[in-house]
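run.pdb, holding PDB, C-alpha atoms:
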```pdb
ATOM      1  CA  MET A   1     174.841 133.835 152.273  1.00  0.00           C
ATOM      2  CA  ASN A   2     172.694 135.851 149.850  1.00  0.00           C
ATOM      3  CA  ASN A   3     169.745 133.476 149.789  1.00  0.00           C
ATOM      4  CA  LYS A   4     166.459 135.392 149.922  1.00  0.00           C
ATOM      5  CA  PHE A   5     163.094 133.686 150.482  1.00  0.00           C
ATOM      6  CA  ILE A   6     159.922 135.268 149.084  1.00  0.00           C
ATOM      7  CA  PHE A   7     156.476 133.937 149.979  1.00  0.00           C
ATOM      8  CA  ASP A   8     152.959 134.394 148.709  1.00  0.00           C
ATOM      9  CA  VAL A   9     150.449 134.254 151.607  1.00  0.00           C
ATOM     10  CA  ASP A  10     147.022 132.837 150.612  1.00  0.00           C
ATOM     11  CA  GLY A  11     147.346 129.159 149.749  1.00  0.00           C
ATOM     12  CA  THR A  12     151.085 129.216 150.495  1.00  0.00           C
ATOM     13  CA  LEU A  13     151.461 130.173 154.162  1.00  0.00           C
ATOM     14  CA  THR A  14     147.776 129.987 155.101  1.00  0.00           C
ATOM     15  CA  PRO A  15     144.560 128.443 153.852  1.00  0.00           C
ATOM     16  CA  SER A  16     142.957 130.966 151.511  1.00  0.00           C
ATOM     17  CA  ARG A  17     141.519 133.956 153.438  1.00  0.00           C
ATOM     18  CA  ARG A  18     142.137 132.179 156.769  1.00  0.00           C
ATOM     19  CA  SER A  19     144.675 132.362 159.606  1.00  0.00           C
ATOM     20  CA  ILE A  20     147.992 130.564 159.698  1.00  0.00           C
ATOM     21  CA  ASP A  21     148.183 127.204 161.490  1.00  0.00           C
ATOM     22  CA  ILE A  22     149.535 127.819 165.022  1.00  0.00           C
ATOM     23  CA  GLU A  23     152.253 125.161 164.885  1.00  0.00           C
ATOM     24  CA  PHE A  24     153.369 126.302 161.445  1.00  0.00           C
ATOM     25  CA  GLN A  25     153.343 129.900 162.704  1.00  0.00           C
ATOM     26  CA  ARG A  26     155.970 128.963 165.326  1.00  0.00           C
ATOM     27  CA  PHE A  27     158.063 127.115 162.737  1.00  0.00           C
ATOM     28  CA  PHE A  28     157.848 129.985 160.263  1.00  0.00           C
ATOM     29  CA  LEU A  29     158.752 132.609 162.859  1.00  0.00           C
ATOM     30  CA  ASP A  30     161.922 130.629 163.696  1.00  0.00           C
ATOM     31  CA  PHE A  31     162.663 130.479 159.964  1.00  0.00           C
ATOM     32  CA  ILE A  32     162.244 134.267 159.724  1.00  0.00           C
ATOM     33  CA  TYR A  33     164.713 134.894 162.548  1.00  0.00           C
ATOM     34  CA  ALA A  34     167.373 132.758 160.806  1.00  0.00           C
ATOM     35  CA  ASN A  35     166.876 133.804 157.159  1.00  0.00           C
ATOM     36  CA  HIS A  36     166.055 136.742 154.886  1.00  0.00           C
ATOM     37  CA  VAL A  37     162.292 136.513 154.353  1.00  0.00           C
ATOM     38  CA  TYR A  38     159.917 138.628 152.267  1.00  0.00           C
ATOM     39  CA  LEU A  39     156.151 138.436 151.726  1.00  0.00           C
ATOM     40  CA  VAL A  40     154.359 139.382 148.499  1.00  0.00           C
ATOM     41  CA  THR A  41     150.579 139.169 148.432  1.00  0.00           C
ATOM     42  CA  GLY A  42     147.607 140.677 146.674  1.00  0.00           C
ATOM     43  CA  SER A  43     145.958 141.366 150.043  1.00  0.00           C
ATOM     44  CA  ASP A  44     146.233 144.610 151.973  1.00  0.00           C
ATOM     45  CA  SER A  45     148.211 145.027 155.203  1.00  0.00           C
ATOM     46  CA  ALA A  46     145.214 144.615 157.522  1.00  0.00           C
ATOM     47  CA  LYS A  47     144.281 141.265 155.979  1.00  0.00           C
ATOM     48  CA  THR A  48     147.892 140.058 156.029  1.00  0.00           C
ATOM     49  CA  ILE A  49     148.187 140.887 159.737  1.00  0.00           C
ATOM     50  CA  GLU A  50     144.857 139.146 160.388  1.00  0.00           C
ATOM     51  CA  GLN A  51     146.128 136.001 158.672  1.00  0.00           C
ATOM     52  CA  LEU A  52     149.749 135.868 159.864  1.00  0.00           C
ATOM     53  CA  GLY A  53     149.798 137.950 163.029  1.00  0.00           C
ATOM     54  CA  GLN A  54     151.517 141.250 163.797  1.00  0.00           C
ATOM     55  CA  ILE A  55     154.801 139.630 164.865  1.00  0.00           C
ATOM     56  CA  ILE A  56     155.433 137.893 161.540  1.00  0.00           C
ATOM     57  CA  PHE A  57     154.317 141.022 159.677  1.00  0.00           C
ATOM     58  CA  ASN A  58     156.869 143.114 161.568  1.00  0.00           C
ATOM     59  CA  GLU A  59     159.745 140.621 161.672  1.00  0.00           C
ATOM     60  CA  VAL A  60     160.103 139.717 157.977  1.00  0.00           C
ATOM     61  CA  ASP A  61     162.560 141.851 156.012  1.00  0.00           C
ATOM     62  CA  ARG A  62     159.791 143.429 153.950  1.00  0.00           C
ATOM     63  CA  VAL A  63     156.081 142.987 153.179  1.00  0.00           C
ATOM     64  CA  TYR A  64     154.877 143.725 149.651  1.00  0.00           C
ATOM     65  CA  ASN A  65     151.121 144.136 150.005  1.00  0.00           C
ATOM     66  CA  CYS A  66     148.799 144.620 147.041  1.00  0.00           C
ATOM     67  CA  ASN A  67     151.314 142.877 144.739  1.00  0.00           C
ATOM     68  CA  GLY A  68     154.061 145.314 145.717  1.00  0.00           C
ATOM     69  CA  ASN A  69     151.980 148.485 145.473  1.00  0.00           C
ATOM     70  CA  ASP A  70     151.943 148.992 149.258  1.00  0.00           C
ATOM     71  CA  VAL A  71     155.257 148.243 150.987  1.00  0.00           C
ATOM     72  CA  TRP A  72     155.960 147.794 154.712  1.00  0.00           C
ATOM     73  CA  GLU A  73     159.153 147.368 156.752  1.00  0.00           C
ATOM     74  CA  SER A  74     159.115 146.738 160.525  1.00  0.00           C
ATOM     75  CA  GLY A  75     155.438 147.720 160.612  1.00  0.00           C
ATOM     76  CA  VAL A  76     156.079 151.056 158.862  1.00  0.00           C
ATOM     77  CA  ASN A  77     154.559 151.923 155.473  1.00  0.00           C
ATOM     78  CA  THR A  78     157.419 152.948 153.154  1.00  0.00           C
ATOM     79  CA  TYR A  79     155.644 153.199 149.790  1.00  0.00           C
ATOM     80  CA  THR A  80     152.098 153.354 148.416  1.00  0.00           C
ATOM     81  CA  ASN A  81     151.000 153.460 144.780  1.00  0.00           C
ATOM     82  CA  GLU A  82     148.019 155.835 144.385  1.00  0.00           C
ATOM     83  CA  TRP A  83     146.723 154.448 141.054  1.00  0.00           C
ATOM     84  CA  VAL A  84     142.911 154.331 140.631  1.00  0.00           C
ATOM     85  CA  LEU A  85     140.932 152.007 138.339  1.00  0.00           C
ATOM     86  CA  PRO A  86     139.655 153.873 135.223  1.00  0.00           C
ATOM     87  CA  THR A  87     135.880 154.363 135.114  1.00  0.00           C
ATOM     88  CA  ASP A  88     135.380 152.459 131.861  1.00  0.00           C
ATOM     89  CA  ALA A  89     137.248 149.436 133.237  1.00  0.00           C
ATOM     90  CA  GLY A  90     135.048 149.521 136.336  1.00  0.00           C
ATOM     91  CA  HIS A  91     131.902 149.570 134.181  1.00  0.00           C
ATOM     92  CA  TRP A  92     133.215 146.598 132.167  1.00  0.00           C
ATOM     93  CA  LEU A  93     133.717 144.601 135.366  1.00  0.00           C
ATOM     94  CA  GLU A  94     130.225 145.496 136.592  1.00  0.00           C
ATOM     95  CA  HIS A  95     128.833 144.181 133.302  1.00  0.00           C
ATOM     96  CA  LYS A  96     130.728 140.894 133.740  1.00  0.00           C
ATOM     97  CA  LEU A  97     129.325 140.623 137.250  1.00  0.00           C
ATOM     98  CA  GLU A  98     125.785 140.942 135.908  1.00  0.00           C
ATOM     99  CA  GLU A  99     126.572 138.498 133.112  1.00  0.00           C
ATOM    100  CA  SER A 100     127.866 135.705 135.378  1.00  0.00           C
ATOM    101  CA  ASN A 101     125.643 132.657 135.859  1.00  0.00           C
ATOM    102  CA  PHE A 102     126.892 132.146 139.413  1.00  0.00           C
ATOM    103  CA  SER A 103     123.933 133.117 141.582  1.00  0.00           C
ATOM    104  CA  ILE A 104     125.478 134.099 144.944  1.00  0.00           C
ATOM    105  CA  ARG A 105     126.363 137.779 145.501  1.00  0.00           C
ATOM    106  CA  THR A 106     127.781 138.932 148.845  1.00  0.00           C
ATOM    107  CA  GLY A 107     128.938 142.475 148.063  1.00  0.00           C
ATOM    108  CA  ASN A 108     132.338 144.179 147.732  1.00  0.00           C
ATOM    109  CA  HIS A 109     132.846 142.795 144.228  1.00  0.00           C
ATOM    110  CA  ILE A 110     135.338 145.472 143.142  1.00  0.00           C
ATOM    111  CA  GLU A 111     137.658 146.039 146.097  1.00  0.00           C
ATOM    112  CA  HIS A 112     139.984 149.024 145.723  1.00  0.00           C
ATOM    113  CA  ARG A 113     143.459 148.535 147.204  1.00  0.00           C
ATOM    114  CA  PRO A 114     146.636 150.610 146.895  1.00  0.00           C
ATOM    115  CA  GLY A 115     147.761 150.437 143.283  1.00  0.00           C
ATOM    116  CA  MET A 116     145.276 147.730 142.255  1.00  0.00           C
ATOM    117  CA  VAL A 117     141.755 146.334 142.556  1.00  0.00           C
ATOM    118  CA  ASN A 118     140.516 142.838 143.284  1.00  0.00           C
ATOM    119  CA  PHE A 119     137.448 141.691 141.367  1.00  0.00           C
ATOM    120  CA  SER A 120     135.308 138.820 142.669  1.00  0.00           C
ATOM    121  CA  VAL A 121     131.988 137.532 141.316  1.00  0.00           C
ATOM    122  CA  VAL A 122     130.959 136.000 144.646  1.00  0.00           C
ATOM    123  CA  GLY A 123     132.260 139.079 146.488  1.00  0.00           C
ATOM    124  CA  ARG A 124     134.882 139.677 149.163  1.00  0.00           C
ATOM    125  CA  ASN A 125     132.204 139.449 151.875  1.00  0.00           C
ATOM    126  CA  ALA A 126     131.614 135.745 151.157  1.00  0.00           C
ATOM    127  CA  ASN A 127     131.856 133.264 154.013  1.00  0.00           C
ATOM    128  CA  VAL A 128     133.729 129.951 153.773  1.00  0.00           C
ATOM    129  CA  LYS A 129     130.688 128.040 152.464  1.00  0.00           C
ATOM    130  CA  GLN A 130     129.960 130.650 149.783  1.00  0.00           C
ATOM    131  CA  ARG A 131     133.609 130.739 148.723  1.00  0.00           C
ATOM    132  CA  LYS A 132     133.664 126.939 148.408  1.00  0.00           C
ATOM    133  CA  ALA A 133     130.537 127.100 146.249  1.00  0.00           C
ATOM    134  CA  TYR A 134     132.306 129.482 143.893  1.00  0.00           C
ATOM    135  CA  VAL A 135     135.460 127.344 143.840  1.00  0.00           C
ATOM    136  CA  THR A 136     133.301 124.396 142.708  1.00  0.00           C
ATOM    137  CA  TYR A 137     131.605 126.548 140.062  1.00  0.00           C
ATOM    138  CA  GLU A 138     134.964 127.892 138.910  1.00  0.00           C
ATOM    139  CA  GLY A 139     136.309 124.362 138.553  1.00  0.00           C
ATOM    140  CA  ASP A 140     133.539 123.599 136.056  1.00  0.00           C
ATOM    141  CA  HIS A 141     133.529 126.887 134.153  1.00  0.00           C
ATOM    142  CA  SER A 142     136.993 128.551 134.484  1.00  0.00           C
ATOM    143  CA  GLU A 143     135.115 131.845 134.709  1.00  0.00           C
ATOM    144  CA  ARG A 144     137.961 133.863 136.195  1.00  0.00           C
ATOM    145  CA  HIS A 145     140.363 132.952 133.397  1.00  0.00           C
ATOM    146  CA  TYR A 146     137.661 133.836 130.846  1.00  0.00           C
ATOM    147  CA  ILE A 147     137.049 137.234 132.470  1.00  0.00           C
ATOM    148  CA  ALA A 148     140.781 137.950 132.830  1.00  0.00           C
ATOM    149  CA  ARG A 149     141.466 137.152 129.163  1.00  0.00           C
ATOM    150  CA  GLY A 150     138.588 139.375 128.063  1.00  0.00           C
ATOM    151  CA  PHE A 151     139.727 142.215 130.310  1.00  0.00           C
ATOM    152  CA  ASN A 152     143.306 142.053 129.037  1.00  0.00           C
ATOM    153  CA  ALA A 153     142.120 142.157 125.433  1.00  0.00           C
ATOM    154  CA  LYS A 154     139.856 145.139 126.143  1.00  0.00           C
ATOM    155  CA  PHE A 155     142.329 147.110 128.283  1.00  0.00           C
ATOM    156  CA  PRO A 156     145.880 146.305 127.065  1.00  0.00           C
ATOM    157  CA  GLU A 157     147.440 148.991 129.277  1.00  0.00           C
ATOM    158  CA  LEU A 158     146.132 147.121 132.334  1.00  0.00           C
ATOM    159  CA  GLU A 159     146.605 143.511 133.404  1.00  0.00           C
ATOM    160  CA  ALA A 160     144.241 141.042 135.080  1.00  0.00           C
ATOM    161  CA  THR A 161     145.611 137.898 136.722  1.00  0.00           C
ATOM    162  CA  VAL A 162     143.823 135.151 138.638  1.00  0.00           C
ATOM    163  CA  GLY A 163     144.675 135.121 142.347  1.00  0.00           C
ATOM    164  CA  GLY A 164     143.546 133.228 145.437  1.00  0.00           C
ATOM    165  CA  GLU A 165     140.395 131.110 145.252  1.00  0.00           C
ATOM    166  CA  THR A 166     137.784 133.581 144.011  1.00  0.00           C
ATOM    167  CA  GLY A 167     139.445 136.788 142.828  1.00  0.00           C
ATOM    168  CA  ILE A 168     141.107 138.520 139.918  1.00  0.00           C
ATOM    169  CA  ASP A 169     143.886 141.068 140.590  1.00  0.00           C
ATOM    170  CA  ILE A 170     143.914 144.084 138.268  1.00  0.00           C
ATOM    171  CA  ALA A 171     146.606 146.777 138.004  1.00  0.00           C
ATOM    172  CA  PRO A 172     148.552 148.751 135.412  1.00  0.00           C
ATOM    173  CA  ARG A 173     150.620 146.396 133.264  1.00  0.00           C
ATOM    174  CA  GLY A 174     153.943 145.808 135.016  1.00  0.00           C
ATOM    175  CA  SER A 175     152.557 146.581 138.477  1.00  0.00           C
ATOM    176  CA  ASP A 176     152.159 142.902 139.294  1.00  0.00           C
ATOM    177  CA  LYS A 177     154.235 140.845 141.740  1.00  0.00           C
ATOM    178  CA  SER A 178     157.220 140.899 139.383  1.00  0.00           C
ATOM    179  CA  GLN A 179     157.857 144.554 140.278  1.00  0.00           C
ATOM    180  CA  VAL A 180     159.337 143.552 143.643  1.00  0.00           C
ATOM    181  CA  ILE A 181     162.391 141.965 142.000  1.00  0.00           C
ATOM    182  CA  LYS A 182     163.873 145.432 141.474  1.00  0.00           C
ATOM    183  CA  ASP A 183     164.611 145.552 145.219  1.00  0.00           C
ATOM    184  CA  PHE A 184     166.886 142.498 145.045  1.00  0.00           C
ATOM    185  CA  ASP A 185     170.515 142.458 143.907  1.00  0.00           C
ATOM    186  CA  SER A 186     171.542 140.497 140.837  1.00  0.00           C
ATOM    187  CA  PHE A 187     173.815 138.299 142.963  1.00  0.00           C
ATOM    188  CA  ASP A 188     170.986 137.332 145.342  1.00  0.00           C
ATOM    189  CA  CYS A 189     169.642 133.792 145.099  1.00  0.00           C
ATOM    190  CA  THR A 190     165.890 134.374 145.246  1.00  0.00           C
ATOM    191  CA  TYR A 191     163.507 131.517 146.073  1.00  0.00           C
ATOM    192  CA  PHE A 192     159.805 132.235 145.607  1.00  0.00           C
ATOM    193  CA  PHE A 193     157.083 130.025 147.102  1.00  0.00           C
ATOM    194  CA  GLY A 194     153.567 130.335 145.679  1.00  0.00           C
ATOM    195  CA  ASP A 195     150.445 128.413 144.708  1.00  0.00           C
ATOM    196  CA  MET A 196     149.450 130.299 141.513  1.00  0.00           C
ATOM    197  CA  MET A 197     152.607 129.840 139.434  1.00  0.00           C
ATOM    198  CA  LEU A 198     151.053 128.839 136.101  1.00  0.00           C
ATOM    199  CA  PRO A 199     150.529 131.400 133.295  1.00  0.00           C
ATOM    200  CA  GLY A 200     147.531 133.590 134.162  1.00  0.00           C
ATOM    201  CA  GLY A 201     148.072 133.158 137.911  1.00  0.00           C
ATOM    202  CA  ASN A 202     149.145 136.166 139.969  1.00  0.00           C
ATOM    203  CA  ASP A 203     152.358 134.439 141.139  1.00  0.00           C
ATOM    204  CA  TYR A 204     153.522 133.706 137.584  1.00  0.00           C
ATOM    205  CA  PRO A 205     155.016 137.134 136.709  1.00  0.00           C
ATOM    206  CA  LEU A 206     157.395 136.908 139.679  1.00  0.00           C
ATOM    207  CA  ALA A 207     157.990 133.166 139.314  1.00  0.00           C
ATOM    208  CA  VAL A 208     159.765 133.713 135.985  1.00  0.00           C
ATOM    209  CA  LYS A 209     162.013 136.459 137.446  1.00  0.00           C
ATOM    210  CA  VAL A 210     163.496 134.687 140.476  1.00  0.00           C
ATOM    211  CA  THR A 211     166.359 132.211 140.785  1.00  0.00           C
ATOM    212  CA  GLU A 212     163.985 129.361 141.596  1.00  0.00           C
ATOM    213  CA  SER A 213     160.207 129.174 141.931  1.00  0.00           C
ATOM    214  CA  ILE A 214     158.663 126.565 144.203  1.00  0.00           C
ATOM    215  CA  HIS A 215     155.065 125.735 143.296  1.00  0.00           C
ATOM    216  CA  VAL A 216     153.221 124.450 146.373  1.00  0.00           C
ATOM    217  CA  ALA A 217     149.710 123.124 146.921  1.00  0.00           C
ATOM    218  CA  ASP A 218     149.289 124.497 150.459  1.00  0.00           C
ATOM    219  CA  TRP A 219     151.137 125.596 153.615  1.00  0.00           C
ATOM    220  CA  ARG A 220     151.902 121.987 154.541  1.00  0.00           C
ATOM    221  CA  GLU A 221     153.905 121.534 151.357  1.00  0.00           C
ATOM    222  CA  THR A 222     155.595 124.885 151.990  1.00  0.00           C
ATOM    223  CA  ARG A 223     156.806 123.593 155.359  1.00  0.00           C
ATOM    224  CA  LEU A 224     158.056 120.325 153.844  1.00  0.00           C
ATOM    225  CA  ARG A 225     159.999 122.184 151.173  1.00  0.00           C
ATOM    226  CA  LEU A 226     161.510 124.552 153.740  1.00  0.00           C
ATOM    227  CA  GLU A 227     162.615 121.603 155.859  1.00  0.00           C
ATOM    228  CA  GLU A 228     164.248 120.124 152.744  1.00  0.00           C
ATOM    229  CA  PHE A 229     166.034 123.428 152.120  1.00  0.00           C
ATOM    230  CA  GLN A 230     167.314 123.406 155.698  1.00  0.00           C
ATOM    231  CA  LYS A 231     168.668 119.873 155.313  1.00  0.00           C
ATOM    232  CA  LEU A 232     170.420 120.886 152.085  1.00  0.00           C
ATOM    233  CA  GLY A 233     171.921 123.975 153.720  1.00  0.00           C
ATOM    234  CA  ILE A 234     170.090 126.375 151.379  1.00  0.00           C
ATOM    235  CA  ALA A 235     168.235 127.759 154.413  1.00  0.00           C
ATOM    236  CA  ILE A 236     169.111 127.881 158.096  1.00  0.00           C
TER     237      ILE A 236
END
```
Represent the structure from my file as C-alpha cells, please.
Amino acid sequence: MNNKFIFDVDGTLTPSRRSIDIEFQRFFLDFIYANHVYLVTGSDSAKTIEQLGQIIFNEVDRVYNCNGNDVWESGVNTYTNEWVLPTDAGHWLEHKLEESNFSIRTGNHIEHRPGMVNFSVVGRNANVKQRKAYVTYEGDHSERHYIARGFNAKFPELEATVGGETGIDIAPRGSDKSQVIKDFDSFDCTYFFGDMMLPGGNDYPLAVKVTESIHVADWRETRLRLEEFQKLGIAI
C-alpha cells in the first residue's frame, strides 16, 4: 500500500502552540507504527518536540520543519535551508508592527527560522491569554491577511502566508509547504491533514498538490477522520 499521511501540527495534531493530548498521543503513535506518516509544520524542531514529544518526532518517516526548510529523519537533521530575510523586507515588517492598532507587544515579532521567518504582531513570547486576545482582534480586523497581501505585492519574489493563530510565515516564493511533495512518488496516494487549507493559509500550497486534502478544525476531528480511514481500509 502506497498511502502516505502528511500532517500539519498546530491546530491539527495539537491545540495551537500547546502540547498534544495524552490519549490522542497514544492513538497517534499506534497510527505511526502501522502507517507511513510525515509531519510538515512552520515551527522549528525544538517546538515540534515540545508539542508532540521526542518519540513521535523520531518515529514518523520524516519531519519537515519550517515548512520543509529544515528536514529531520529519525532525529537526525538531513537538510537545512540557509536563506535569510532581506533587510528591506524586515524594515517593512517593522513598520507594519508599529502601524498595527493591536496594543499588546510581547517581543520576538520577527522570528528567524531555517529558510523562513515568522512574523507576529502580538509576538512569539505571548502567553495563552495574550494570544487569545489577538485571535479575537484578528477575527474583527483580518489584520494578518491584510499584512500578507501587502507584503506579497511589495516583495513578489517572496511569499507571506497566514499560519497558526497569530503568525505569518514568510519565505522565498516556492519554499512553502508545497515543496515537500517532491519527496513523494507520483504513484503515492498522499493524504494531507491541516487546519489552514483555504487560499492564503500556509497549508493551502500543499493542499492543492496532494491526492486528497482533509481540512480539520482541531485534533479531535483529525482523530475522527483517521478512525474513518481505518474503517475504510485506507489506513491501518
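Residues matched by the PyMOL selection byres ((chain A and resi 112) around 10) in this file: Asp44, Cys66, Trp83, Val84, Leu85, Asn108, His109, Ile110, Glu111, Arg113, Pro114, Gly115, Met116, Val117, Asn118, Phe119 and Ile170 of chain A.
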Enumerate, as an mmCIF file with C-alpha atoms, in the frame of the given file, the residues matched when the PyMOL selection byres ((chain A and resi 17-26) around 9) is run on the file above.
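Result went into result.cif, see below:
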```
data_model
loop_
_atom_site.group_PDB
_atom_site.id
_atom_site.type_symbol
_atom_site.label_atom_id
_atom_site.label_comp_id
_atom_site.auth_asym_id
_atom_site.auth_seq_id
_atom_site.Cartn_x
_atom_site.Cartn_y
_atom_site.Cartn_z
ATOM 1 C CA ASP A 10 147.022 132.837 150.612
ATOM 2 C CA GLY A 11 147.346 129.159 149.749
ATOM 3 C CA LEU A 13 151.461 130.173 154.162
ATOM 4 C CA THR A 14 147.776 129.987 155.101
ATOM 5 C CA PRO A 15 144.560 128.443 153.852
ATOM 6 C CA SER A 16 142.957 130.966 151.511
ATOM 7 C CA PHE A 27 158.063 127.115 162.737
ATOM 8 C CA PHE A 28 157.848 129.985 160.263
ATOM 9 C CA LEU A 29 158.752 132.609 162.859
ATOM 10 C CA ASP A 30 161.922 130.629 163.696
ATOM 11 C CA PHE A 31 162.663 130.479 159.964
ATOM 12 C CA LYS A 47 144.281 141.265 155.979
ATOM 13 C CA GLU A 50 144.857 139.146 160.388
ATOM 14 C CA GLN A 51 146.128 136.001 158.672
ATOM 15 C CA LEU A 52 149.749 135.868 159.864
ATOM 16 C CA GLY A 53 149.798 137.950 163.029
ATOM 17 C CA ILE A 56 155.433 137.893 161.540
ATOM 18 C CA VAL A 128 133.729 129.951 153.773
ATOM 19 C CA GLY A 164 143.546 133.228 145.437
ATOM 20 C CA GLU A 165 140.395 131.110 145.252
ATOM 21 C CA TRP A 219 151.137 125.596 153.615
ATOM 22 C CA ARG A 220 151.902 121.987 154.541
ATOM 23 C CA ARG A 223 156.806 123.593 155.359
#
```
Would you work out the distance separating atom CA of Arg225 of chain A from atom CA of Thr12 of chain A, expressed in Å to one decimal? 11.4 Å
Please evaluate the PyMOL selection byres ((chain A and resi 171-182) around 8) against the displayed coordinates and give the resulting residues as a list in words.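 So the PyMOL selection byres ((chain A and resi 171-182) around 8), applied here, picks out Val40, Thr41, Tyr64, Asn67, Gly68, Asn69, Leu85, Gly115, Met116, Val117, Pro156, Glu157, Leu158, Glu159, Ala160, Asp169, Ile170, Asp183, Phe184, Asp185, Asn202, Asp203, Pro205, Leu206, Ala207, Lys209 and Val210 of chain A.
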Report the distance between atom CA of Ile55 of chain A and atom CA of Tyr191 of chain A in Å, rounded to one decimal place.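 Distance between the two atoms: 22.2 Å.
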Within 8 Å of Ile147 of chain A, counting all atoms listed in the file, which residues qualify if same-chain residues fewer than 4 places away don't, as a PyMOL selection string? chain A and resi 96+143+151
Please indicate the distance in Å from atom CA of Ala46 of chain A to atom CA of Val60 of chain A, rounded to one decimal place.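 Interatomic distance, atom CA of Ala46 of chain A to atom CA of Val60 of chain A: 15.7 Å.
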Would it be fine to have segment 113-134 of chain A, with N, CA and C atoms, given as a PDB file, in the first residue's frame?
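As written to disk, selection.pdb reads:
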```pdb
ATOM      1  N   ARG A 113      13.831  31.522  11.358  1.00  0.00           N
ATOM      2  CA  ARG A 113      13.910  30.062  11.376  1.00  0.00           C
ATOM      3  C   ARG A 113      14.638  29.618  10.119  1.00  0.00           C
ATOM      4  N   PRO A 114      15.091  28.370  10.064  1.00  0.00           N
ATOM      5  CA  PRO A 114      15.762  27.918   8.830  1.00  0.00           C
ATOM      6  C   PRO A 114      14.881  28.105   7.592  1.00  0.00           C
ATOM      7  N   GLY A 115      15.369  28.898   6.653  1.00  0.00           N
ATOM      8  CA  GLY A 115      14.693  29.067   5.384  1.00  0.00           C
ATOM      9  C   GLY A 115      13.461  29.933   5.398  1.00  0.00           C
ATOM     10  N   MET A 116      13.120  30.566   6.520  1.00  0.00           N
ATOM     11  CA  MET A 116      11.888  31.345   6.610  1.00  0.00           C
ATOM     12  C   MET A 116      11.927  32.237   7.843  1.00  0.00           C
ATOM     13  N   VAL A 117      10.939  33.120   7.969  1.00  0.00           N
ATOM     14  CA  VAL A 117      10.703  33.852   9.208  1.00  0.00           C
ATOM     15  C   VAL A 117       9.222  33.750   9.537  1.00  0.00           C
ATOM     16  N   ASN A 118       8.907  33.926  10.804  1.00  0.00           N
ATOM     17  CA  ASN A 118       7.521  34.016  11.241  1.00  0.00           C
ATOM     18  C   ASN A 118       7.321  35.397  11.843  1.00  0.00           C
ATOM     19  N   PHE A 119       6.341  36.115  11.307  1.00  0.00           N
ATOM     20  CA  PHE A 119       6.032  37.464  11.787  1.00  0.00           C
ATOM     21  C   PHE A 119       4.755  37.427  12.623  1.00  0.00           C
ATOM     22  N   SER A 120       4.785  38.081  13.784  1.00  0.00           N
ATOM     23  CA  SER A 120       3.619  38.102  14.667  1.00  0.00           C
ATOM     24  C   SER A 120       3.510  39.466  15.326  1.00  0.00           C
ATOM     25  N   VAL A 121       2.356  40.103  15.209  1.00  0.00           N
ATOM     26  CA  VAL A 121       2.136  41.411  15.831  1.00  0.00           C
ATOM     27  C   VAL A 121       2.168  41.287  17.346  1.00  0.00           C
ATOM     28  N   VAL A 122       1.483  40.307  17.907  1.00  0.00           N
ATOM     29  CA  VAL A 122       1.480  40.143  19.359  1.00  0.00           C
ATOM     30  C   VAL A 122       2.833  39.631  19.857  1.00  0.00           C
ATOM     31  N   GLY A 123       3.553  38.900  19.027  1.00  0.00           N
ATOM     32  CA  GLY A 123       4.874  38.399  19.386  1.00  0.00           C
ATOM     33  C   GLY A 123       4.850  36.939  19.796  1.00  0.00           C
ATOM     34  N   ARG A 124       5.938  36.236  19.504  1.00  0.00           N
ATOM     35  CA  ARG A 124       6.026  34.809  19.811  1.00  0.00           C
ATOM     36  C   ARG A 124       6.157  34.538  21.301  1.00  0.00           C
ATOM     37  N   ASN A 125       6.418  35.565  22.099  1.00  0.00           N
ATOM     38  CA  ASN A 125       6.532  35.388  23.550  1.00  0.00           C
ATOM     39  C   ASN A 125       5.180  35.486  24.261  1.00  0.00           C
ATOM     40  N   ALA A 126       4.104  35.652  23.507  1.00  0.00           N
ATOM     41  CA  ALA A 126       2.782  35.834  24.116  1.00  0.00           C
ATOM     42  C   ALA A 126       2.333  34.593  24.872  1.00  0.00           C
ATOM     43  N   ASN A 127       1.644  34.816  26.001  1.00  0.00           N
ATOM     44  CA  ASN A 127       1.055  33.697  26.729  1.00  0.00           C
ATOM     45  C   ASN A 127      -0.320  33.374  26.134  1.00  0.00           C
ATOM     46  N   VAL A 128      -0.988  32.368  26.702  1.00  0.00           N
ATOM     47  CA  VAL A 128      -2.269  31.924  26.139  1.00  0.00           C
ATOM     48  C   VAL A 128      -3.300  33.052  26.122  1.00  0.00           C
ATOM     49  N   LYS A 129      -3.381  33.817  27.214  1.00  0.00           N
ATOM     50  CA  LYS A 129      -4.353  34.908  27.305  1.00  0.00           C
ATOM     51  C   LYS A 129      -4.076  35.979  26.255  1.00  0.00           C
ATOM     52  N   GLN A 130      -2.810  36.333  26.068  1.00  0.00           N
ATOM     53  CA  GLN A 130      -2.446  37.353  25.087  1.00  0.00           C
ATOM     54  C   GLN A 130      -2.703  36.866  23.667  1.00  0.00           C
ATOM     55  N   ARG A 131      -2.438  35.594  23.414  1.00  0.00           N
ATOM     56  CA  ARG A 131      -2.717  35.023  22.097  1.00  0.00           C
ATOM     57  C   ARG A 131      -4.217  35.054  21.797  1.00  0.00           C
ATOM     58  N   LYS A 132      -5.030  34.695  22.806  1.00  0.00           N
ATOM     59  CA  LYS A 132      -6.480  34.704  22.620  1.00  0.00           C
ATOM     60  C   LYS A 132      -6.986  36.117  22.337  1.00  0.00           C
ATOM     61  N   ALA A 133      -6.366  37.105  22.980  1.00  0.00           N
ATOM     62  CA  ALA A 133      -6.757  38.495  22.735  1.00  0.00           C
ATOM     63  C   ALA A 133      -6.487  38.864  21.281  1.00  0.00           C
ATOM     64  N   TYR A 134      -5.355  38.402  20.754  1.00  0.00           N
ATOM     65  CA  TYR A 134      -5.063  38.706  19.353  1.00  0.00           C
ATOM     66  C   TYR A 134      -5.994  37.947  18.409  1.00  0.00           C
TER      67      TYR A 134
END
```
